[in-house]
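Colleague: I am sharing data00.cif, which consists of mmCIF, C-alpha atoms:
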data_structure
loop_
_atom_site.group_PDB
_atom_site.id
_atom_site.type_symbol
_atom_site.label_atom_id
_atom_site.label_comp_id
_atom_site.auth_asym_id
_atom_site.auth_seq_id
_atom_site.Cartn_x
_atom_site.Cartn_y
_atom_site.Cartn_z
ATOM 1 C CA MET A 1 0.000 0.000 0.000
ATOM 2 C CA ALA A 2 2.723 2.417 1.043
ATOM 3 C CA ALA A 3 4.696 1.523 -2.068
ATOM 4 C CA ALA A 4 1.694 2.313 -4.238
ATOM 5 C CA ALA A 5 1.245 5.657 -2.474
ATOM 6 C CA GLY A 6 4.884 6.478 -3.022
ATOM 7 C CA GLY A 7 4.417 5.896 -6.737
ATOM 8 C CA GLY A 8 7.623 3.881 -7.036
ATOM 9 C CA SER A 9 7.314 1.849 -10.207
ATOM 10 C CA VAL A 10 3.949 2.633 -11.816
ATOM 11 C CA PRO A 11 3.333 6.222 -12.942
ATOM 12 C CA VAL A 12 0.263 7.706 -11.287
ATOM 13 C CA THR A 13 -1.295 8.600 -14.635
ATOM 14 C CA GLN A 14 -1.638 4.916 -15.571
ATOM 15 C CA LEU A 15 -3.696 3.909 -12.555
ATOM 16 C CA THR A 16 -7.362 3.027 -12.851
ATOM 17 C CA VAL A 17 -10.063 5.029 -11.089
ATOM 18 C CA GLU A 18 -10.318 2.454 -8.279
ATOM 19 C CA GLN A 19 -6.579 2.390 -7.760
ATOM 20 C CA LEU A 20 -6.488 6.175 -7.705
ATOM 21 C CA GLY A 21 -9.243 6.217 -5.120
ATOM 22 C CA HIS A 22 -7.300 3.732 -3.040
ATOM 23 C CA VAL A 23 -4.094 5.780 -3.242
ATOM 24 C CA ARG A 24 -6.074 8.889 -2.351
ATOM 25 C CA GLN A 25 -7.533 7.187 0.706
ATOM 26 C CA THR A 26 -4.214 5.839 2.004
ATOM 27 C CA THR A 27 -2.565 9.211 1.455
ATOM 28 C CA GLU A 28 -5.350 10.918 3.343
ATOM 29 C CA ARG A 29 -4.877 8.512 6.246
ATOM 30 C CA GLU A 30 -1.124 9.070 6.198
ATOM 31 C CA ILE A 31 -1.646 12.832 6.260
ATOM 32 C CA GLU A 32 -3.913 12.497 9.293
ATOM 33 C CA MET A 33 -1.350 10.329 11.088
ATOM 34 C CA LEU A 34 1.405 12.823 10.342
ATOM 35 C CA MET A 35 -0.715 15.709 11.645
ATOM 36 C CA THR A 36 -1.288 13.869 14.942
ATOM 37 C CA LYS A 37 2.412 13.108 15.212
ATOM 38 C CA ILE A 38 3.307 16.725 14.521
ATOM 39 C CA SER A 39 0.954 18.040 17.185
ATOM 40 C CA GLU A 40 2.385 15.505 19.673
ATOM 41 C CA LEU A 41 5.905 16.642 18.835
ATOM 42 C CA ASN A 42 4.852 20.267 19.273
ATOM 43 C CA VAL A 43 3.437 19.528 22.723
ATOM 44 C CA ALA A 44 6.661 17.747 23.694
ATOM 45 C CA HIS A 45 8.661 20.683 22.377
ATOM 46 C CA GLN A 46 6.632 23.118 24.458
ATOM 47 C CA LYS A 47 7.172 21.028 27.589
ATOM 48 C CA LEU A 48 10.910 20.975 26.969
ATOM 49 C CA THR A 49 10.899 24.743 26.464
ATOM 50 C CA ALA A 50 9.152 25.228 29.810
ATOM 51 C CA SER A 51 11.678 22.930 31.514
ATOM 52 C CA ARG A 52 14.596 24.764 29.982
ATOM 53 C CA GLU A 53 13.243 28.137 31.047
ATOM 54 C CA CYS A 54 12.782 26.800 34.561
ATOM 55 C CA ALA A 55 16.357 25.453 34.643
ATOM 56 C CA THR A 56 17.719 28.790 33.440
ATOM 57 C CA PHE A 57 15.671 30.608 36.069
ATOM 58 C CA MET A 58 17.013 28.333 38.800
ATOM 59 C CA GLY A 59 20.539 29.040 37.617
ATOM 60 C CA GLU A 60 20.026 32.781 38.045
ATOM 61 C CA SER A 61 19.115 32.468 41.725
ATOM 62 C CA SER A 62 21.796 30.895 43.868
ATOM 63 C CA SER A 63 20.412 31.817 47.297
ATOM 64 C CA PRO A 64 17.775 29.563 48.949
ATOM 65 C CA GLN A 65 14.395 30.186 47.390
ATOM 66 C CA THR A 66 11.010 30.021 49.019
ATOM 67 C CA VAL A 67 8.344 28.234 47.025
ATOM 68 C CA LEU A 68 4.865 26.820 47.493
ATOM 69 C CA VAL A 69 4.905 23.056 47.168
ATOM 70 C CA PRO A 70 1.711 21.535 45.835
ATOM 71 C CA LEU A 71 0.478 18.637 47.984
ATOM 72 C CA THR A 72 -2.627 18.295 45.851
ATOM 73 C CA THR A 73 -3.847 20.543 43.064
ATOM 74 C CA SER A 74 -5.531 22.753 45.697
ATOM 75 C CA ILE A 75 -3.340 22.433 48.818
ATOM 76 C CA TYR A 76 0.053 24.101 49.014
ATOM 77 C CA VAL A 77 2.666 24.313 51.770
ATOM 78 C CA PRO A 78 5.546 26.767 51.892
ATOM 79 C CA GLY A 79 8.958 25.254 51.258
ATOM 80 C CA VAL A 80 12.531 26.346 50.791
ATOM 81 C CA ILE A 81 14.802 25.218 47.986
ATOM 82 C CA GLN A 82 18.048 24.784 49.894
ATOM 83 C CA ASN A 83 20.233 24.167 46.896
ATOM 84 C CA PRO A 84 18.924 25.606 43.644
ATOM 85 C CA SER A 85 22.153 24.676 41.859
ATOM 86 C CA GLU A 86 21.324 20.953 41.952
ATOM 87 C CA LEU A 87 18.460 19.827 39.777
ATOM 88 C CA MET A 88 17.189 16.287 39.252
ATOM 89 C CA VAL A 89 16.537 15.776 35.566
ATOM 90 C CA ASP A 90 14.272 13.009 34.317
ATOM 91 C CA VAL A 91 16.116 11.518 31.338
ATOM 92 C CA GLY A 92 13.582 8.785 30.627
ATOM 93 C CA THR A 93 12.931 5.117 31.549
ATOM 94 C CA GLY A 94 12.820 6.100 35.223
ATOM 95 C CA TYR A 95 16.351 7.470 35.442
ATOM 96 C CA PHE A 96 17.052 10.821 37.092
ATOM 97 C CA ILE A 97 20.436 12.494 36.801
ATOM 98 C CA SER A 98 21.574 15.271 39.089
ATOM 99 C CA LYS A 99 22.700 18.261 37.028
ATOM 100 C CA ASN A 100 23.558 21.879 37.665
ATOM 101 C CA PRO A 101 21.175 24.381 36.066
ATOM 102 C CA SER A 102 23.331 25.212 33.051
ATOM 103 C CA ASP A 103 23.932 21.509 32.254
ATOM 104 C CA ALA A 104 20.219 20.871 32.679
ATOM 105 C CA ALA A 105 19.389 23.769 30.352
ATOM 106 C CA SER A 106 21.793 22.444 27.716
ATOM 107 C CA TYR A 107 20.278 18.963 28.082
ATOM 108 C CA PHE A 108 16.839 20.403 27.360
ATOM 109 C CA SER A 109 18.247 22.423 24.468
ATOM 110 C CA ARG A 110 19.679 19.247 22.951
ATOM 111 C CA ARG A 111 16.384 17.431 23.326
ATOM 112 C CA MET A 112 14.603 20.392 21.747
ATOM 113 C CA ALA A 113 16.988 20.332 18.798
ATOM 114 C CA MET A 114 16.185 16.637 18.316
ATOM 115 C CA MET A 115 12.471 17.388 18.422
ATOM 116 C CA LYS A 116 12.961 20.199 15.938
ATOM 117 C CA GLU A 117 14.784 17.864 13.580
ATOM 118 C CA GLN A 118 11.976 15.319 13.765
ATOM 119 C CA LEU A 119 9.390 18.052 13.297
ATOM 120 C CA ASP A 120 11.157 19.348 10.186
ATOM 121 C CA LYS A 121 11.306 15.820 8.796
ATOM 122 C CA ALA A 122 7.612 15.296 9.525
ATOM 123 C CA TYR A 123 6.709 18.606 7.864
ATOM 124 C CA GLY A 124 8.749 17.624 4.794
ATOM 125 C CA VAL A 125 6.933 14.310 4.477
ATOM 126 C CA LEU A 126 3.605 16.029 5.139
ATOM 127 C CA ASN A 127 4.213 18.443 2.267
ATOM 128 C CA GLN A 128 5.103 15.578 -0.058
ATOM 129 C CA LYS A 129 1.970 13.680 0.934
ATOM 130 C CA ARG A 130 -0.172 16.782 0.486
ATOM 131 C CA GLN A 131 1.202 17.293 -3.005
ATOM 132 C CA LEU A 132 0.563 13.656 -3.851
ATOM 133 C CA PHE A 133 -2.960 13.960 -2.463
ATOM 134 C CA GLU A 134 -3.634 17.063 -4.561
ATOM 135 C CA ALA A 135 -2.241 15.452 -7.705
ATOM 136 C CA VAL A 136 -4.196 12.234 -7.212
ATOM 137 C CA SER A 137 -7.414 14.095 -6.416
ATOM 138 C CA HIS A 138 -7.003 16.225 -9.499
ATOM 139 C CA LEU A 139 -6.310 13.208 -11.694
ATOM 140 C CA LEU A 140 -9.256 11.326 -10.250
ATOM 141 C CA GLN A 141 -11.540 14.271 -10.914
ATOM 142 C CA ASN A 142 -10.335 14.500 -14.505
ATOM 143 C CA LYS A 143 -10.803 10.780 -15.091
ATOM 144 C CA LEU A 144 -14.299 10.798 -13.648
ATOM 145 C CA GLU A 145 -15.274 13.807 -15.748
ATOM 146 C CA ALA A 146 -13.853 12.163 -18.863
ATOM 147 C CA ALA A 147 -15.759 8.959 -18.122
ATOM 148 C CA GLN A 148 -18.976 10.922 -17.598
ATOM 149 C CA ALA A 149 -18.488 12.837 -20.845
ATOM 150 C CA ALA A 150 -17.860 9.603 -22.721
ATOM 151 C CA GLN A 151 -20.986 8.074 -21.220
ATOM 152 C CA ALA A 152 -23.083 11.126 -22.099
ATOM 153 C CA GLN A 153 -21.812 11.002 -25.648
ATOM 154 C CA ALA A 154 -22.505 7.283 -25.962
ATOM 155 C CA GLY A 155 -26.009 7.873 -24.605
ATOM 156 C CA ALA A 156 -26.649 10.770 -26.953
ATOM 157 C CA GLN A 157 -25.484 9.096 -30.134
ATOM 158 C CA PRO A 158 -28.252 6.460 -30.692
ATOM 159 C CA SER A 159 -30.967 9.110 -30.455
ATOM 160 C CA ALA A 160 -29.173 11.435 -32.850
ATOM 161 C CA MET B 1 -23.600 -16.495 -9.636
ATOM 162 C CA ALA B 2 -20.812 -18.980 -9.044
ATOM 163 C CA ASP B 3 -22.274 -19.767 -5.618
ATOM 164 C CA ALA B 4 -25.018 -21.894 -7.121
ATOM 165 C CA VAL B 5 -22.536 -24.120 -8.948
ATOM 166 C CA VAL B 6 -19.911 -24.523 -6.244
ATOM 167 C CA PRO B 7 -20.592 -27.573 -4.039
ATOM 168 C CA ASP B 8 -20.650 -27.190 -0.254
ATOM 169 C CA ALA B 9 -17.364 -29.023 0.295
ATOM 170 C CA THR B 10 -15.442 -26.627 -1.948
ATOM 171 C CA LYS B 11 -17.194 -23.690 -0.355
ATOM 172 C CA ALA B 12 -16.128 -24.919 3.066
ATOM 173 C CA LYS B 13 -12.565 -25.308 1.888
ATOM 174 C CA LEU B 14 -12.530 -21.770 0.483
ATOM 175 C CA GLU B 15 -14.033 -20.509 3.716
ATOM 176 C CA ALA B 16 -11.338 -22.272 5.733
ATOM 177 C CA ILE B 17 -8.551 -20.725 3.668
ATOM 178 C CA MET B 18 -10.114 -17.312 4.063
ATOM 179 C CA GLN B 19 -10.380 -17.779 7.827
ATOM 180 C CA THR B 20 -6.714 -18.705 8.176
ATOM 181 C CA MET B 21 -5.780 -15.719 6.029
ATOM 182 C CA ILE B 22 -7.744 -13.371 8.281
ATOM 183 C CA ALA B 23 -6.205 -14.929 11.398
ATOM 184 C CA LEU B 24 -2.737 -14.523 9.882
ATOM 185 C CA GLN B 25 -3.467 -10.902 9.050
ATOM 186 C CA LYS B 26 -4.425 -10.245 12.664
ATOM 187 C CA GLU B 27 -1.298 -11.981 13.912
ATOM 188 C CA ALA B 28 0.838 -9.982 11.510
ATOM 189 C CA SER B 29 -0.528 -6.636 12.672
ATOM 190 C CA LYS B 30 -0.096 -7.704 16.307
ATOM 191 C CA ALA B 31 3.504 -8.728 15.705
ATOM 192 C CA MET B 32 4.183 -5.492 13.867
ATOM 193 C CA SER B 33 2.816 -3.287 16.649
ATOM 194 C CA ALA B 34 4.936 -5.274 19.128
ATOM 195 C CA VAL B 35 8.008 -4.554 17.003
ATOM 196 C CA MET B 36 7.065 -0.868 16.870
ATOM 197 C CA GLY B 37 6.771 -0.737 20.670
ATOM 198 C CA LEU B 38 10.157 -2.429 21.064
ATOM 199 C CA LYS B 39 11.714 0.012 18.632
ATOM 200 C CA ASN B 40 10.418 2.948 20.668
ATOM 201 C CA GLN B 41 11.726 1.372 23.866
ATOM 202 C CA PHE B 42 15.083 0.813 22.215
ATOM 203 C CA LEU B 43 15.323 4.447 21.125
ATOM 204 C CA GLU B 44 14.388 5.758 24.557
ATOM 205 C CA ASN B 45 16.908 3.514 26.281
ATOM 206 C CA GLN B 46 19.542 4.565 23.778
ATOM 207 C CA LEU B 47 18.964 8.209 24.705
ATOM 208 C CA VAL B 48 19.264 7.366 28.396
ATOM 209 C CA ALA B 49 22.455 5.368 27.769
ATOM 210 C CA LYS B 50 23.990 8.314 25.923
ATOM 211 C CA GLU B 51 22.988 10.691 28.725
ATOM 212 C CA LEU B 52 24.563 8.408 31.335
ATOM 213 C CA ASP B 53 27.733 8.086 29.264
ATOM 214 C CA ASP B 54 28.112 11.831 28.812
ATOM 215 C CA VAL B 55 27.849 12.628 32.521
ATOM 216 C CA PRO B 56 31.084 12.926 34.528
ATOM 217 C CA ASP B 57 31.975 10.089 36.925
ATOM 218 C CA GLY B 58 30.647 10.492 40.431
ATOM 219 C CA THR B 59 27.414 12.174 39.349
ATOM 220 C CA PHE B 60 24.399 11.224 41.426
ATOM 221 C CA VAL B 61 21.974 9.039 39.542
ATOM 222 C CA TYR B 62 18.606 7.888 40.792
ATOM 223 C CA LYS B 63 16.167 5.312 39.505
ATOM 224 C CA LEU B 64 12.447 5.725 39.995
ATOM 225 C CA VAL B 65 11.122 2.533 41.580
ATOM 226 C CA GLY B 66 7.434 2.859 42.237
ATOM 227 C CA PRO B 67 6.990 6.073 44.253
ATOM 228 C CA VAL B 68 10.605 6.439 45.433
ATOM 229 C CA LEU B 69 13.872 7.495 43.840
ATOM 230 C CA LEU B 70 16.579 4.957 44.629
ATOM 231 C CA ALA B 71 20.182 6.099 44.455
ATOM 232 C CA GLU B 72 22.179 4.069 41.979
ATOM 233 C CA GLU B 73 25.890 4.031 41.230
ATOM 234 C CA LEU B 74 26.625 5.663 37.880
ATOM 235 C CA GLU B 75 28.569 2.622 36.658
ATOM 236 C CA GLU B 76 25.790 0.299 37.743
ATOM 237 C CA ALA B 77 23.209 2.450 35.977
ATOM 238 C CA ARG B 78 25.317 2.389 32.800
ATOM 239 C CA THR B 79 25.634 -1.409 32.779
ATOM 240 C CA ASN B 80 21.951 -1.804 33.637
ATOM 241 C CA VAL B 81 20.887 0.308 30.683
ATOM 242 C CA ARG B 82 23.352 -1.532 28.423
ATOM 243 C CA THR B 83 21.972 -4.924 29.393
ATOM 244 C CA ARG B 84 18.465 -3.614 28.873
ATOM 245 C CA LEU B 85 19.426 -2.384 25.416
ATOM 246 C CA ASN B 86 20.866 -5.798 24.568
ATOM 247 C CA LYS B 87 17.751 -7.555 25.776
ATOM 248 C CA ILE B 88 15.506 -5.250 23.795
ATOM 249 C CA SER B 89 17.558 -5.698 20.629
ATOM 250 C CA GLU B 90 17.312 -9.483 21.046
ATOM 251 C CA GLN B 91 13.549 -9.199 21.401
ATOM 252 C CA LEU B 92 13.468 -6.867 18.439
ATOM 253 C CA GLN B 93 15.342 -9.443 16.361
ATOM 254 C CA ALA B 94 12.915 -12.166 17.420
ATOM 255 C CA GLY B 95 9.970 -9.888 16.645
ATOM 256 C CA ASN B 96 11.301 -9.090 13.191
ATOM 257 C CA ASN B 97 11.831 -12.787 12.499
ATOM 258 C CA ARG B 98 8.261 -13.457 13.569
ATOM 259 C CA VAL B 99 6.895 -10.773 11.247
ATOM 260 C CA HIS B 100 8.893 -12.262 8.384
ATOM 261 C CA ALA B 101 7.667 -15.782 9.169
ATOM 262 C CA ILE B 102 4.038 -14.629 9.208
ATOM 263 C CA GLU B 103 4.516 -12.736 5.962
ATOM 264 C CA THR B 104 5.967 -15.745 4.146
ATOM 265 C CA GLU B 105 3.156 -17.921 5.487
ATOM 266 C CA MET B 106 0.619 -15.392 4.229
ATOM 267 C CA GLU B 107 2.316 -15.385 0.857
ATOM 268 C CA GLN B 108 2.063 -19.192 0.696
ATOM 269 C CA LYS B 109 -1.591 -19.142 1.673
ATOM 270 C CA ARG B 110 -2.317 -16.484 -0.921
ATOM 271 C CA SER B 111 -0.699 -18.460 -3.741
ATOM 272 C CA SER B 112 -2.467 -21.649 -2.641
ATOM 273 C CA LEU B 113 -5.755 -19.734 -2.656
ATOM 274 C CA ILE B 114 -5.083 -18.488 -6.174
ATOM 275 C CA ALA B 115 -4.161 -22.022 -7.299
ATOM 276 C CA PHE B 116 -7.365 -23.328 -5.762
ATOM 277 C CA GLN B 117 -9.432 -20.673 -7.501
ATOM 278 C CA THR B 118 -7.916 -21.353 -10.924
ATOM 279 C CA GLU B 119 -8.530 -25.073 -10.340
ATOM 280 C CA LEU B 120 -12.170 -24.303 -9.587
ATOM 281 C CA GLN B 121 -12.493 -22.212 -12.708
ATOM 282 C CA LYS B 122 -11.050 -25.023 -14.810
ATOM 283 C CA GLN B 123 -13.551 -27.473 -13.346
ATOM 284 C CA GLU B 124 -16.392 -25.086 -14.067
ATOM 285 C CA MET B 125 -15.221 -24.658 -17.622
ATOM 286 C CA SER B 126 -15.027 -28.392 -18.218
ATOM 287 C CA GLN B 127 -18.497 -28.816 -16.684
ATOM 288 C CA MET B 128 -19.884 -26.180 -18.994
ATOM 289 C CA GLN B 129 -18.275 -27.852 -21.970
ATOM 290 C CA SER B 130 -19.546 -31.304 -21.065
ATOM 291 C CA MET B 131 -23.062 -29.892 -20.766
#
If you took the structure in this file and wrote it as structure tokens, what would it be?

Modeller:
Amino acid sequence: MAAAAGGGSVPVTQLTVEQLGHVRQTTEREIEMLMTKISELNVAHQKLTASRECATFMGESSSPQTVLVPLTTSIYVPGVIQNPSELMVDVGTGYFISKNPSDAASYFSRRMAMMKEQLDKAYGVLNQKRQLFEAVSHLLQNKLEAAQAAQAQAGAQPSA
Amino acid sequence: MADAVVPDATKAKLEAIMQTMIALQKEASKAMSAVMGLKNQFLENQLVAKELDDVPDGTFVYKLVGPVLLAEELEEARTNVRTRLNKISEQLQAGNNRVHAIETEMEQKRSSLIAFQTELQKQEMSQMQSM
């Protein structure tokens, strides 16, 4: 299916109406999947940005900081950050690494760059798929119109 | 229109082939999603392994176990993630093999189905001719 959508060996112009419809459908589904992936990546990117900003902020304040610690979403207790220069960074699969704020910020920057790379790739593929979708839709429309015209002509001829 | 001509036994046989094909299809998609999950796990663990490698010796590392963070030696954490990566890649290999096996089986079933159908058509033709 994916190979057909990619148009590897058979030129798109030689496909039948059914095949075109099929390609159109798979491409549409692929576009939807890509859009979901892109929005997920964007959310992840935003979270990383927030974390990086927080790390940078912590780096700017070396003295103990007072904060409100949430016990639940509606109960808070005052707390003091004794050592704002040591942050625990969640690096995935349950591992936390202690980092100073600038290292933490650069870690988040690196992760953001990776996200950006993936996003760019996804956008590239999305554009390709959109173009394919447009082309196939256009072709399908043309073929259907041609078939209709031929039918109308064939219907008109006996009476003429 | 062919339904009227085809005897019940042949119909049952066709049905059986179709059923196995559908079952195989299901198995294939299950195996493929398992492989996808393993791939994601592999990538995540790879990132963690790189992070642990890049950190200077003596850095404090903690592992989340249930609700608590357990302190873990950096070296220990590195070897743990490495072993996990190896395990996952083994599973990934097995998963890929499984997908391939299912695909070849599906291919066999498909060609046997086509052979069966052409056989049926031949029989029909000869019946028509004898009538």

Colleague: Could you please select, counting all atoms listed in the file, the residues of chain A within 7 Å of chain B and state them as a PyMOL selection string?

Modeller: chain A and resi 91-98

Colleague: With the file shown as input, list the residues that the PyMOL selection byres ((chain A and resi 29-32) around 10) selects, as a PyMOL selection string.

Modeller: chain A and resi 2+5+23-28+33-38+125-130+133

Colleague: Interatomic distance between CA of Glu119 in chain B and CA of Ala23 in chain B?

Modeller: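 If I compute the distance from CA of Glu119 in chain B to CA of Ala23 in chain B, I get 24.1 Å.
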
Colleague: Write out as a ChimeraX atom specification which residues come within 12 Å of Glu107 in chain B when counting only C-alpha atoms, dropping same-chain ones fewer than 5 positions away.

Modeller: /B:21,24-25,100-102,112-114

Colleague: Identify all residues satisfying the PyMOL selection byres ((chain A and resi 100) around 7) in the given file; provide them as JSON, numbers by chain.

Modeller: {"A": [85, 86, 87, 99, 101, 102, 103, 104]}

Colleague: Suppose a student applies the PyMOL selection byres ((chain A and resi 66) around 10) to this structure; what residues should they get, written as a ChimeraX atom specification?

Modeller: /A:63-65,67-69,78-82

Colleague: Which residues come within 12 Å of Leu120 in chain B, counting all atoms listed in the file, excluding same-chain residues fewer than 2 positions away, as a ChimeraX atom specification?

Modeller: /B:2-3,5-7,10-11,13-14,113-118,122-127

Colleague: Find the residue from A:Thr13, A:Asn42, A:Gln19, A:Thr72 that sits nearest to Lys116 in chain A; use all atoms listed in the file when measuring.

Modeller: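 Nearest candidate to Lys116 in chain A out of A:Thr13, A:Asn42, A:Gln19, A:Thr72: A:Asn42.
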
Colleague: As a list in words, please: the residues near range 143-157 of chain A (cut-off 12 Å, all atoms listed in the file, same-chain neighbours under 2 positions excluded).

Modeller: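 The contact residues come out as Thr13, Gln14, Leu15, Thr16, Val17, Glu18, Gln19, Leu20, Gly21, Val136, Ser137, His138, Leu139, Leu140, Gln141, Ser159 and Ala160 of chain A.
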
Colleague: Which is closest to Leu92 in chain B among B:Leu43, B:Ala28, B:Leu38, B:Val68, if we use all atoms listed in the file?

Modeller: B:Leu38
